[in-house]
Amino acid sequence: MQTDTAELAGLVLEAVLYGIFCVLTVGALYVLVYRRMGSPLNAPLILTSILMFLLATTQIIIDTATIFDAFIPLNRPNRQARLANISIPINATKRAIFFAMMILGDVIAIYRCFIVWARNWWLIVIPSICSLISAILAYMTIWATQHRTAGMFILKTPWTYGTAIFTLSLVANAIATSLIAYRIWKNEGQFTLVANTRRGRLLPIARIIIESGLLNTAYLVVYITVLQVQKGKGSLPIVADMASPLVGIIFSLVIVRVGLNSAKETMYGTQLSSLRVKRRHVPGLDQVSATSRSHPLTSSLPYSNDTLSIGFDKLQGNVV
């Protein structure tokens, strides 16, 4: 596939994904602001959502301007040369935003892992180092395109640096997502042990996070594969252009889906409370309920179901 054709196709796909991202951003902000389940505003996630939207919007504006500048005044050979010239400032800006979105996705995954694991710094050391090195290498490549003489050592093997950038990002995301999923699965076992009514409440959240992590992992694997096979030509611009809105979609999708799951659980809890109120009027059930509350398997536990409910709400609030 020719460079100009791939760039145009990439812009079309980016526009479609950007439209989806806009809808999900509205939904994510609604969940973060209005569906907080009594928890305080999560300022880092709100600011991240807004920042991602601004970056994706800037990205599609720059991509559109690049296409217009190349397709309207230039013939095809000159158009292809302009689009392939990575030293042009507008092309460097385009890649800078692309890397910023990728790094932001890594940071928010690490942040979720840090919060869910009760602010344990040791668990995020490895993914943080991977993400930091990836960011340094990413902006070193952009610097090299603008300082070709000093950065010639990078430009001689750009695909090696590109592979390292995305592989390190892949490792950071995989570690953070796995730790989050394990933490939620572990807490789900504790909830199930003491309260059957809470069975399965955390597993849907773990599934949501794992699915989102797998989507991001799949994209990075595809990008690395195309980068190695086609060396910057062919369909690589298509895969690159979809990155910014796709990262935003993955981020917002987790928030929206967890918010919908919370709404469903709230509705279930309301119906269950209503049934319990009605049950109090049935002769003999109060005695059974009192007996079950004094059962040795539950009375010996150091915390109550209410405590577990509060813990669940905090954990769920930190995920979104």
# chains A, B, ... in the order shown; residues from 1 in each chain; ligands from 1
call {"tool": "residues_around", "arguments": {"residues": "Arg82 (chain A)", "least_positions_apart": "5", "cutoff": "12 Å", "atoms": "only C-alpha atoms", "output": "list in words"}}
result
Thr3, Asp4, Glu7, Thr66, Ile67, Phe68, Asp69, Ala70, Phe71, Pro73, Leu74, Asn75, Arg76, Pro77, Ser87, Ile88, Pro89, Ile90 and Asn91 of chain A
call {"tool": "closest_residue", "arguments": {"among": "A:Thr217, A:Asn85, A:Thr48, A:Asn120", "to": "Gln146 (chain A)", "atoms": "only C-alpha atoms"}}
result
A:Asn85
call {"tool": "residues_around", "arguments": {"residues": "Gly248 (chain A)", "least_positions_apart": "4", "cutoff": "7 Å", "atoms": "only C-alpha atoms", "output": "number ranges by chain"}}
result
A: 21, 52, 244, 252
call {"tool": "closest_residue", "arguments": {"among": "A:Ala15, A:Ala176, A:Leu253, A:Leu51", "to": "Ala100 (chain A)", "atoms": "only C-alpha atoms"}}
result
A:Leu51
call {"tool": "select_by_dssp", "arguments": {"residues": "region 63-199 of chain A", "states": "alpha helix (DSSP H)", "output": "PyMOL selection string"}}
result
chain A and resi 63-71+76-84+89-116+125-146+152-155+158-194
call {"tool": "write_last_selection", "arguments": {"atoms": "C-alpha atoms", "output": "mmCIF file, in the first residue's frame"}}
result
data_model
loop_
_atom_site.group_PDB
_atom_site.id
_atom_site.type_symbol
_atom_site.label_atom_id
_atom_site.label_comp_id
_atom_site.auth_asym_id
_atom_site.auth_seq_id
_atom_site.Cartn_x
_atom_site.Cartn_y
_atom_site.Cartn_z
ATOM 1 C CA ASP A 63 -3.790 14.701 10.751
ATOM 2 C CA THR A 64 -6.517 16.453 8.763
ATOM 3 C CA ALA A 65 -4.258 19.456 8.111
ATOM 4 C CA THR A 66 -1.457 17.123 7.014
ATOM 5 C CA ILE A 67 -3.719 15.384 4.504
ATOM 6 C CA PHE A 68 -4.988 18.692 3.089
ATOM 7 C CA ASP A 69 -1.457 20.092 2.778
ATOM 8 C CA ALA A 70 -0.259 16.983 0.967
ATOM 9 C CA PHE A 71 -3.228 16.112 -1.267
ATOM 10 C CA ARG A 76 1.552 12.165 -6.071
ATOM 11 C CA PRO A 77 5.348 11.731 -5.983
ATOM 12 C CA ASN A 78 5.819 14.982 -4.021
ATOM 13 C CA ARG A 79 2.838 14.118 -1.813
ATOM 14 C CA GLN A 80 4.317 10.762 -0.862
ATOM 15 C CA ALA A 81 7.704 12.345 -0.179
ATOM 16 C CA ARG A 82 6.136 14.962 2.106
ATOM 17 C CA LEU A 83 4.110 12.421 4.072
ATOM 18 C CA ALA A 84 7.157 10.183 4.518
ATOM 19 C CA PRO A 89 7.705 19.832 12.228
ATOM 20 C CA ILE A 90 4.022 18.985 11.777
ATOM 21 C CA ASN A 91 4.886 15.292 11.360
ATOM 22 C CA ALA A 92 7.086 15.445 14.475
ATOM 23 C CA THR A 93 4.209 17.070 16.409
ATOM 24 C CA LYS A 94 1.895 14.308 15.244
ATOM 25 C CA ARG A 95 4.239 11.656 16.629
ATOM 26 C CA ALA A 96 4.760 13.587 19.864
ATOM 27 C CA ILE A 97 1.007 13.523 20.555
ATOM 28 C CA PHE A 98 0.865 9.851 19.629
ATOM 29 C CA PHE A 99 3.573 9.032 22.183
ATOM 30 C CA ALA A 100 1.929 11.271 24.788
ATOM 31 C CA MET A 101 -1.308 9.278 24.517
ATOM 32 C CA MET A 102 0.570 5.997 24.763
ATOM 33 C CA ILE A 103 2.470 7.142 27.865
ATOM 34 C CA LEU A 104 -0.711 8.506 29.421
ATOM 35 C CA GLY A 105 -2.351 5.111 28.953
ATOM 36 C CA ASP A 106 0.601 3.475 30.725
ATOM 37 C CA VAL A 107 0.475 5.971 33.584
ATOM 38 C CA ILE A 108 -3.233 5.521 34.262
ATOM 39 C CA ALA A 109 -2.853 1.711 34.257
ATOM 40 C CA ILE A 110 -0.006 2.008 36.764
ATOM 41 C CA TYR A 111 -2.008 4.508 38.830
ATOM 42 C CA ARG A 112 -4.963 2.104 39.061
ATOM 43 C CA CYS A 113 -2.601 -0.660 40.135
ATOM 44 C CA PHE A 114 -1.049 1.618 42.775
ATOM 45 C CA ILE A 115 -4.426 2.604 44.244
ATOM 46 C CA VAL A 116 -5.982 -0.858 44.174
ATOM 47 C CA VAL A 125 8.458 -0.179 40.389
ATOM 48 C CA ILE A 126 8.918 -2.469 37.362
ATOM 49 C CA PRO A 127 6.003 -1.147 35.239
ATOM 50 C CA SER A 128 7.022 2.426 36.111
ATOM 51 C CA ILE A 129 10.609 1.829 34.983
ATOM 52 C CA CYS A 130 9.396 0.210 31.755
ATOM 53 C CA SER A 131 7.059 3.127 31.031
ATOM 54 C CA LEU A 132 9.753 5.702 31.854
ATOM 55 C CA ILE A 133 12.327 4.102 29.560
ATOM 56 C CA SER A 134 9.688 3.813 26.834
ATOM 57 C CA ALA A 135 8.904 7.541 27.154
ATOM 58 C CA ILE A 136 12.591 8.510 27.050
ATOM 59 C CA LEU A 137 13.223 6.423 23.932
ATOM 60 C CA ALA A 138 10.069 7.750 22.274
ATOM 61 C CA TYR A 139 11.023 11.387 22.594
ATOM 62 C CA MET A 140 14.643 10.632 21.756
ATOM 63 C CA THR A 141 13.444 9.417 18.355
ATOM 64 C CA ILE A 142 11.491 12.650 17.822
ATOM 65 C CA TRP A 143 14.527 14.667 18.892
ATOM 66 C CA ALA A 144 16.668 12.710 16.412
ATOM 67 C CA THR A 145 14.356 13.596 13.506
ATOM 68 C CA GLN A 146 14.826 17.306 14.258
ATOM 69 C CA MET A 152 22.140 9.813 13.472
ATOM 70 C CA PHE A 153 22.829 6.896 15.846
ATOM 71 C CA ILE A 154 19.046 6.558 16.322
ATOM 72 C CA LEU A 155 18.093 7.154 12.687
ATOM 73 C CA PRO A 158 14.848 3.450 13.921
ATOM 74 C CA TRP A 159 12.869 0.190 13.878
ATOM 75 C CA THR A 160 14.954 -1.220 16.727
ATOM 76 C CA TYR A 161 14.126 1.813 18.859
ATOM 77 C CA GLY A 162 10.479 1.685 17.805
ATOM 78 C CA THR A 163 10.204 -1.974 18.776
ATOM 79 C CA ALA A 164 11.808 -1.249 22.162
ATOM 80 C CA ILE A 165 9.395 1.647 22.807
ATOM 81 C CA PHE A 166 6.245 -0.392 22.226
ATOM 82 C CA THR A 167 7.548 -3.572 23.819
ATOM 83 C CA LEU A 168 8.313 -1.710 27.071
ATOM 84 C CA SER A 169 4.852 -0.127 26.989
ATOM 85 C CA LEU A 170 3.360 -3.579 26.441
ATOM 86 C CA VAL A 171 5.234 -4.977 29.456
ATOM 87 C CA ALA A 172 4.157 -2.082 31.700
ATOM 88 C CA ASN A 173 0.499 -2.490 30.745
ATOM 89 C CA ALA A 174 0.566 -6.264 31.095
ATOM 90 C CA ILE A 175 2.092 -6.164 34.589
ATOM 91 C CA ALA A 176 -0.250 -3.440 35.862
ATOM 92 C CA THR A 177 -3.375 -5.081 34.445
ATOM 93 C CA SER A 178 -2.424 -8.497 35.819
ATOM 94 C CA LEU A 179 -1.811 -7.092 39.305
ATOM 95 C CA ILE A 180 -5.156 -5.254 39.301
ATOM 96 C CA ALA A 181 -7.036 -8.348 38.178
ATOM 97 C CA TYR A 182 -5.325 -10.499 40.797
ATOM 98 C CA ARG A 183 -6.090 -8.002 43.570
ATOM 99 C CA ILE A 184 -9.781 -7.876 42.652
ATOM 100 C CA TRP A 185 -9.994 -11.660 42.348
ATOM 101 C CA LYS A 186 -8.362 -12.003 45.777
ATOM 102 C CA ASN A 187 -10.823 -9.540 47.357
ATOM 103 C CA GLU A 188 -13.728 -11.314 45.665
ATOM 104 C CA GLY A 189 -12.769 -14.487 47.513
ATOM 105 C CA GLN A 190 -12.904 -12.629 50.833
ATOM 106 C CA PHE A 191 -16.339 -11.210 50.061
ATOM 107 C CA THR A 192 -17.695 -14.588 49.038
ATOM 108 C CA LEU A 193 -16.395 -16.160 52.248
ATOM 109 C CA VAL A 194 -18.433 -13.929 54.533
#
call {"tool": "atom_distance", "arguments": {"atom1": "CA of Gly10 (chain A)", "atom2": "CA of Asp241 (chain A)"}}
result
5.4 Å
call {"tool": "atom_distance", "arguments": {"atom1": "CA of Phe53 (chain A)", "atom2": "CA of Thr25 (chain A)"}}
result
7.3 Å
call {"tool": "atom_distance", "arguments": {"atom1": "CA of Leu246 (chain A)", "atom2": "CA of Ala28 (chain A)"}}
result
14.7 Å
call {"tool": "closest_residue", "arguments": {"among": "A:Ile124, A:Val254, A:Leu32, A:Val222", "to": "Leu236 (chain A)", "atoms": "only C-alpha atoms"}}
result
A:Val222
call {"tool": "residues_around", "arguments": {"residues": "Glu14 (chain A)", "least_positions_apart": "3", "cutoff": "7 Å", "atoms": "only C-alpha atoms", "output": "PDB file with C-alpha atoms, in the first residue's frame"}}
result
ATOM      1  CA  GLY A  10      -5.724   6.050   8.546  1.00  0.00           C
ATOM      2  CA  LEU A  11      -7.449   9.426   8.829  1.00  0.00           C
ATOM      3  CA  LEU A  17     -12.737   5.972  16.393  1.00  0.00           C
ATOM      4  CA  TYR A  18     -12.647   9.622  17.456  1.00  0.00           C
ATOM      5  CA  ASP A 241      -3.323   6.967  13.281  1.00  0.00           C
ATOM      6  CA  MET A 242      -5.820   4.897  15.229  1.00  0.00           C
ATOM      7  CA  PRO A 245      -8.537   7.609  19.944  1.00  0.00           C
TER       8      PRO A 245
END
call {"tool": "closest_residue", "arguments": {"among": "A:Leu260, A:Val239, A:Gln59, A:Phe251", "to": "Leu45 (chain A)", "atoms": "only C-alpha atoms"}}
result
A:Phe251
